[in-house]
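Asker: This is the structure, below, for whatever I ask next.
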Amino acid sequence: MLEEIKLKSLNALVEGLSQEELIWLNGYMAGLVKSSQSEVKSIPSVAEKITILFGTETGNSKKLATAFAAKLRKIGLTAKLSSMDQYKLSDLEKEEILLVIISTHGEGEPPAAAKKFYDHLQNNQLNLSKLKYSVLALGDTAYPLFCKAGEDIDVKLSGFGAVSLHALQKCDADYEQSANEWFDLIVEKLTLKQSAEIKLPSVSTSRQRKVYEGKINSKVNLNGNGSLKETFHIEIEAGELQYEPDDSIGIIPENPVATVRSIINLTGVNGLETIFLKDQEISIEESLNEKLNIFFLAERVVKKYAAIVNQEIPSIRMDLLDLIKIYPPKNAVQFKEILIVLEPIAPRLYSISSSLTAHTGEVHITVARNCFQLDQELRHGLCSNYLSQFEEGTSIKFYVHRNLQFKLPSADKDIIMIGPGTGVAPFRAFIEDRANTGATGKSWLFFGDQHFTTDFLYQTEWQGYLASGVLTKMNVAFSRDQQEKIYVQHKMLYHAVELYDWLMNGAYVFVCGAKNPMSLDVEIALLKILETEGSLSAEEAQNFLNQLSAENRYVKDVY
Amino acid sequence: MAKAVNLSPIEKIKKESNNLRGTITESLRDEITGAIVEEDQAVIKFHGMYQQDDRDIREERASKKLDRLYTFMIRLRLPGGFLTPEQWIATHNIAGENSTGIIKITTRQTLQLHGLIKSKIKPTIRAFNEAKLDSIATCGDINRNVVCSSHPKQSSIHNEIFSYADKISQLLMPKTKAYYEIWLDEEKILDKKEEEDLLYQDRYLPRKFKIAIAIPPNNDVDAFANDIGLIAIIENEKLLGYNIAVGGGLSATHGNDATYPRLATVIGFCNSEEQTLKAVYETLTIQRDFGNRSDRKLARLKYTLDKFGVEWFKQELENRIGFKLEKPREYTFNERSDYYGWHQNHEGLWYYTLFVENGRVLDTDEVKLKSALLAVAKAGTANFRFTCNQNIILSDIADQHKSKIETLLQNHGVIKHTTGTSAIRKNSMACVALNTCPLALAEGQRYLPSLISKIEPLLQKHQLSEEDIIIRMTGCPNGCARPYVAEIGLVGTAYGKYNMHIGGDHQGERLNKLFKHNLNEAAILLQLDKLFEKFNKSRMSFERFGDFALNEVNQLLN
């Protein structure tokens with residue numbers, strides 16, 4: 001915004017000013033702005049370097065960061081925008097203003113792309129006394145460790161002497177409003193526009209989610225006899241259902257009554273007695289049935305349990321019932337202390353695999369038994385528990401979780417969908433939607449699994465869509481039908497010429513399924529196709545893909 | 001000649017198949033279905049395969065949103081039913097890798113594998129090719145596998161007669177190179193003249209065509225159930241020539257009176273190889289030119305023969321071969337059984353015929369048949385021959401190797417199985433039927449063994465356990481297991497229901513007759529109990545069950 005010469009003199013002017021002097025200058029400038037608003041829309045208050053760092057999993061953090069950088073540009077401030085995995089860590093101590101946007105996943109973990117940055121803070125001693133910062137933490141209150149990664153970063157930055165521009169802002173699943181408010185306040189701070197009247201709650205009040213009362217209408221294992229897989233197609237009926245084909249549903253599972261009974265009997269606690277959980281009075285039995293996670297407790301919970309019962313317990317994940325059997329609490333009173341340290345049951349998110357346009361009042365999900373695998377440890381009992389909630393005729397509570405990135409584009413756009421295994425779920429929703437809305441764009445689906453004869457999920461439906469032309473093209477890879485393993489990326493490479501043509505004609509690319517290794521291999525394949533078919537260098541191909549990604553034309557929903 | 005109007009749809013497919021290529025290559029490339037397109041399903045038969053699907057699980061798969069479980073059956077071309085030990089090992093391995101693992105010996109002396117998924121066809125054919133085996137023309141409207149009396153002890157000139165199976169097979173092979181192009185990636189033929197086919201032209205035959213060579217007195221090949229039956233006439237250990245019988249065929253259709261099983265009619269004698277091959281060849285050209293091409297149910301040679309008359313046929317054949325057929329020579333058949341156990345041929349080589357129930361080679365808890373045969377093959381001292389009764393003859397074993405083979409068979413329970421099996425079971429035969437045969441109305445090979453277990457006590461009750469009675473079952477009226485020439489024929493009409501035919505003779509020269517309709521198991525057993533009781537009480541000495549039963553059925557019909 002400033003001509004170089006002006007910028008230079010301004011820099012010369014502010015150089016060496018103390019903080020107090022700067023603040024005074026800021027105020028002075030703000031006064032100038034106020035008095036001459038008709039001529040000058042806004043003048044940035046500082047010449048300090050601004051960096052926006054984002055750690056993204058589903059793309060929400062990135063989307064916010066990109067939007068904020070654009071807004072800053074509009075008011076004449078430039079900000080360096082970087083994903084945490086691309087960020088040069090040695091630059092951190094040189095930063096002046098740092099805005100961090102980071103989400104939290106699983107059990108309080110940072111996104112994979114933020115891991116390096118996160119660990120860098122955890123494992124090093126830094127001097128950040130020159131740094132001003134603020135952290136915007138994205139999360140979901142339905143999970144026990146809400147916004148944990150953001151919290152950790154905030155604590156670390158402050159511990160290294162950085163000055164907080166604004167207190168940590170936590171956002172729930174509907175993050176947009178609170179995030180924008182946070183950003184506006186940051187901008188005001190940066191431009192020193194005092195506005196005492198705007199106050200931000202430290203945690204946004206999350207809009208009450210609509211919880212649906214549904215009924216499981218049907219549950220079918222899609223895998224044929226002899227398959228090593230079990231993938232369930234589950235149809236849920238509910239009244240006044242509203243969702244988009246790219247959304248997910250969140251289900252909070254209930255604990256099995258028999259297990260809860262055993263816990264109550266063993267501890268001698270009165271199940272009807274009430275306790276306070278999150279300021280809500282609730283009977284112990286109900287809390288154990290519906291609110292508290294009693295299976296596969298996190299190590300930190302086991303640690304707290306050990307402290308309460310005052311016994312040595314190895315720090316491994318265990319079920320509450322096993323803990324009670326092996327390390328029984330002294331009495332019912334002690335058990336109530338334990339209840340307080342238990343964490344809430346985490347909801348489980350499932351990609352929706354249906355479109356309302358095809359199934360009025362119904363939502364379908366596609367659930368693989370192995371998706372209940374936690375920390376590599378497959379525990380069958382646990383899996384069965386989770387699956388048993390989907391027995392036909394069972395009532396089920398769920399909410400719709402919106403997916404802001406993974407959006408089916410407008411009807412005239414071509415789409416390339418890469419979804420092996422249960423990754424195919426959202427694409428069934430996409431295609432159902434396109435079939436019922438008369439989309440004109442072409443669709444190409446890549447699917448893969450172990451065996452053609454038993455693991456071709458939704459095979460007859462795809463055949464129908466291919467015949468009717470809703471699905472333009474479909475290629476499949478079955479890894480175990482021949483000696484060499486064949487995966488979706490191999491099929492993409494096999495069709496490189498055509499795939500490149502689709503990309504050049506503006507096709508959107510969606511990838512859904514396992515993050516590692518599938519989505520990584522798919523990305524390598526895409527880059528290779530760009531390099532060979534588009535005669536691009538490795539770097540150019542990467543830039544091209546980044547560009548697609550920035551335009552939301554290359555979107556991943558991987559886990 | 002048949003008018004070119006109202007041709008059956010298959011005729012169009014054959015004609016437009018570009019010499020049996022169709023769009024098989026494109027069908028193989030379709031990743032989304034395990035099936036091939038309908039036209040190709042007709043064409044691929046000429047390459048020795050049927051597309052099938054597992055009928056047991058159709059509904060289950062539909063509910064799982066899975067397409068039918070389409071698989072392919074592949075049938076080898078083994079003229080006379082012969083494999084070297086190396087070829088048996090190759091087949092064993094291919095079956096394990098690509099199919100259900102079970103090797104099925106057919107009723108026409110060859111082997112077939114079931115359950116190949118589409119992507120496994122090419123690797124299977126390539127592997128067979130490496131073992132010098134092929135599946136050309138083993139299904140489809142063309143001359144099928146040529147069968148020949150299987151046991152070398154049958155005659156000192158068995159080998160000479162056996163060689164005719166291969167000669168005839170070669171003579172009647174289609175000229176198209178489609179098989180090599182599609183399955184073995186051989187170069188495409190540019191000049192179509194190279195595969196010009198004077199015999200089959202571009203229309204092939206109206207229907208399947210079967211040829212058998214029999215060496216009296218054993219009619220183990222069921223010569224009269226074939227379109228052409230050649231009966232070797234031997235005098236003083238010299239082959240004089242063959243009686244030629246034409247127009248046999250057993251298939252029929254329930255509720256269609258125009259269809260019927262028919263035994264071949266002996267029309268003359270050929271006194272040399274040249275005459276014999278000419279007569280065989282021109283019989284095919286007559287059928288090609290005069291066979292019914294509009295109704296496939298009436299398209300076999302037997303209907304052509306009955307439509308135009310045997311005399312007309314003989315005249316037409318003599319016109320085409322350019323010589324007069326001699327009068328048929330005398331011959332006698334008296335059995336159709338296999339010679340179980342050890343036997344020697346005229347040169348002193350040893351042969352062990354082992355019982356394979358319904359021709360299914362697999363390991364069970366009692367008999368490790370498949371393992372035994374692999375071990376025998378690996379020993380490398382025995383050839384494999386297959387019989388039209390679906391059994392195996394371990395063949396051409398030199399004296400010094402006999403004991404080792406014996407030990408291997410003993411250790412795997414094969415000898416006990418062969419000697420310990422009842423006479424009726426050894427004389428039984430069933431077709432594949434459910435769950436893979438698309439024509440099946442009722443069970444075949446999956447059911448007959450357990451039915452026989454219930455018939456055996458009845459035979460014992462009436463002191464008939466040692467009686468060789470030929471019993472055959474099919475899941476539909478098409479006759480693959482030749483039930484109409486059995487002493488007891490059970491022909492499926494609906495699930496669990498069979499028509500009972502009795503009165504066929506023991507040597508396969510007389511068709512049986514329909515005795516009772518739509519019997520369930522209890523009714524079958526009740527009828528047999530009554531028949532066995534009467535047979536035991538009233539039989540004349542040496543009277544066969546089939547001859548006794550003919551009277552019974554005739555009394556019922558009169």
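By convention in this document, the chains of the structure tokens carry letters A, B, ... by their order, each chain's residues are numbered from 1, and ligands are numbered from 1 in the order they are shown.
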Taking the chain letters and numbering used in this document, name the residues of range 150-189 of chain B that DSSP puts in helix (DSSP H, G or I), as a compact mmCIF listing (two decimals) with C-alpha atoms, in the first residue's frame.
Answerer:
```txt
# COMPACT_ATOMS: atom_id res chain seq x y z
CA PRO B 152 -5.99 -100.39 -22.72
CA LYS B 153 -6.60 -103.97 -21.64
CA GLN B 154 -9.73 -103.82 -23.78
CA HIS B 158 -6.27 -100.20 -28.09
CA ASN B 159 -3.52 -97.73 -28.88
CA GLU B 160 -4.28 -97.77 -32.58
CA ILE B 161 -7.99 -97.17 -31.95
CA PHE B 162 -7.27 -94.58 -29.28
CA SER B 163 -5.24 -92.57 -31.83
CA TYR B 164 -8.48 -92.03 -33.80
CA ALA B 165 -9.80 -89.80 -31.04
CA ASP B 166 -7.01 -87.35 -31.70
CA LYS B 167 -7.20 -87.72 -35.48
CA ILE B 168 -10.92 -86.96 -35.49
CA SER B 169 -10.47 -84.09 -33.04
CA GLN B 170 -7.82 -82.52 -35.29
CA LEU B 171 -9.90 -83.10 -38.40
CA ALA B 178 -9.35 -66.49 -32.28
CA TYR B 179 -8.37 -68.68 -29.33
CA TYR B 180 -4.67 -67.89 -29.78
CA GLU B 181 -5.32 -64.21 -30.35
CA ILE B 182 -7.61 -63.63 -27.42
CA TRP B 183 -6.09 -65.83 -24.76
CA LEU B 184 -2.47 -66.22 -25.75
```
Asker: Return as JSON lines the residues of chain B lying at most 6 Å from chain A, together with the closest atom-to-atom pair for each and the distance in Å to one decimal, counting only C-alpha atoms, with rows in chain order and ascending residue number.
Answerer:
```
{"residue": "B:Lys64", "atom": "CA", "partner": "A:Leu222", "partner_atom": "CA", "distance": 4.6}
{"residue": "B:Lys65", "atom": "CA", "partner": "A:Tyr458", "partner_atom": "CA", "distance": 5.1}
{"residue": "B:Leu66", "atom": "CA", "partner": "A:Gln459", "partner_atom": "CA", "distance": 5.2}
{"residue": "B:Asp67", "atom": "CA", "partner": "A:Thr460", "partner_atom": "CA", "distance": 5.5}
```
Asker: For the residues in that selection, give me N, CA and C atoms as a short mmCIF file (atom, residue, chain, number, x, y, z; two decimals), in the first residue's frame.
Answerer:
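This went into result12.cif:
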```
data_model
loop_
_atom_site.label_atom_id
_atom_site.label_comp_id
_atom_site.auth_asym_id
_atom_site.auth_seq_id
_atom_site.Cartn_x
_atom_site.Cartn_y
_atom_site.Cartn_z
N LYS B 64 -26.86 -57.61 -0.68
CA LYS B 64 -25.59 -56.96 -0.35
C LYS B 64 -25.17 -55.97 -1.43
N LYS B 65 -26.05 -55.77 -2.39
CA LYS B 65 -25.76 -54.85 -3.50
C LYS B 65 -24.56 -55.34 -4.32
N LEU B 66 -24.33 -56.65 -4.26
CA LEU B 66 -23.27 -57.25 -5.07
C LEU B 66 -23.92 -57.91 -6.28
N ASP B 67 -23.24 -57.83 -7.39
CA ASP B 67 -23.70 -58.48 -8.60
C ASP B 67 -23.67 -60.00 -8.37
#
```
Asker: Just the number, please: distance in Å from CA of Ser371 in chain B to CA of Thr387 in chain B, one decimal.
Answerer: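 For CA of Ser371 in chain B relative to CA of Thr387 in chain B, the distance reads 20.0 Å.
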Asker: Just want the 10 Å neighbourhood of Met318 in chain A, counted on only C-alpha atoms, with same-chain residues fewer than 4 positions away dropped. Output as an MDAnalysis selection string.
Answerer: chainID A and resid 294:299 301:302 314 322:323
Asker: Store the residues picked out above in a file with N, CA and C atoms, as a PDB file, in the first residue's frame.
Answerer:
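File written: again_3.pdb
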```pdb
ATOM      1  N   ILE A 294     -16.507 -45.559  29.249  1.00  0.00           N
ATOM      2  CA  ILE A 294     -16.014 -46.559  30.200  1.00  0.00           C
ATOM      3  C   ILE A 294     -15.131 -47.603  29.525  1.00  0.00           C
ATOM      4  N   PHE A 295     -14.945 -47.472  28.213  1.00  0.00           N
ATOM      5  CA  PHE A 295     -14.126 -48.452  27.497  1.00  0.00           C
ATOM      6  C   PHE A 295     -12.795 -47.849  27.068  1.00  0.00           C
ATOM      7  N   PHE A 296     -11.736 -48.643  27.219  1.00  0.00           N
ATOM      8  CA  PHE A 296     -10.469 -48.271  26.624  1.00  0.00           C
ATOM      9  C   PHE A 296     -10.068 -46.858  27.064  1.00  0.00           C
ATOM     10  N   LEU A 297     -10.085 -46.669  28.382  1.00  0.00           N
ATOM     11  CA  LEU A 297      -9.812 -45.336  28.935  1.00  0.00           C
ATOM     12  C   LEU A 297      -8.419 -44.853  28.544  1.00  0.00           C
ATOM     13  N   ALA A 298      -8.297 -43.562  28.310  1.00  0.00           N
ATOM     14  CA  ALA A 298      -7.013 -42.985  27.946  1.00  0.00           C
ATOM     15  C   ALA A 298      -6.030 -43.164  29.106  1.00  0.00           C
ATOM     16  N   GLU A 299      -4.762 -43.192  28.766  1.00  0.00           N
ATOM     17  CA  GLU A 299      -3.739 -43.377  29.797  1.00  0.00           C
ATOM     18  C   GLU A 299      -3.835 -42.318  30.898  1.00  0.00           C
ATOM     19  N   VAL A 301      -6.439 -40.914  31.987  1.00  0.00           N
ATOM     20  CA  VAL A 301      -7.544 -41.231  32.882  1.00  0.00           C
ATOM     21  C   VAL A 301      -7.127 -42.360  33.822  1.00  0.00           C
ATOM     22  N   VAL A 302      -6.424 -43.332  33.259  1.00  0.00           N
ATOM     23  CA  VAL A 302      -5.936 -44.448  34.093  1.00  0.00           C
ATOM     24  C   VAL A 302      -5.017 -43.903  35.189  1.00  0.00           C
ATOM     25  N   PRO A 314      -0.087 -49.881  35.698  1.00  0.00           N
ATOM     26  CA  PRO A 314       0.722 -49.566  34.501  1.00  0.00           C
ATOM     27  C   PRO A 314      -0.058 -48.606  33.596  1.00  0.00           C
ATOM     28  N   ASP A 322     -12.511 -53.517  33.961  1.00  0.00           N
ATOM     29  CA  ASP A 322     -11.292 -54.265  34.286  1.00  0.00           C
ATOM     30  C   ASP A 322     -10.521 -53.587  35.414  1.00  0.00           C
ATOM     31  N   LEU A 323     -10.454 -52.257  35.344  1.00  0.00           N
ATOM     32  CA  LEU A 323      -9.755 -51.514  36.402  1.00  0.00           C
ATOM     33  C   LEU A 323     -10.408 -51.805  37.755  1.00  0.00           C
TER      34      LEU A 323
END
```
Asker: What is the distance, in Å and to one decimal place, between CA of Ala346 in chain A and CA of Tyr327 in chain A?
Answerer: 24.9 Å
Asker: Would you mind telling me which residue in B:Lys530, B:Val432, B:Asn389, B:Ser155 lies nearest to Ala486 in chain B when using only C-alpha atoms?
Answerer: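 Of B:Lys530, B:Val432, B:Asn389, B:Ser155, the one nearest Ala486 in chain B is B:Asn389, counting only C-alpha atoms.
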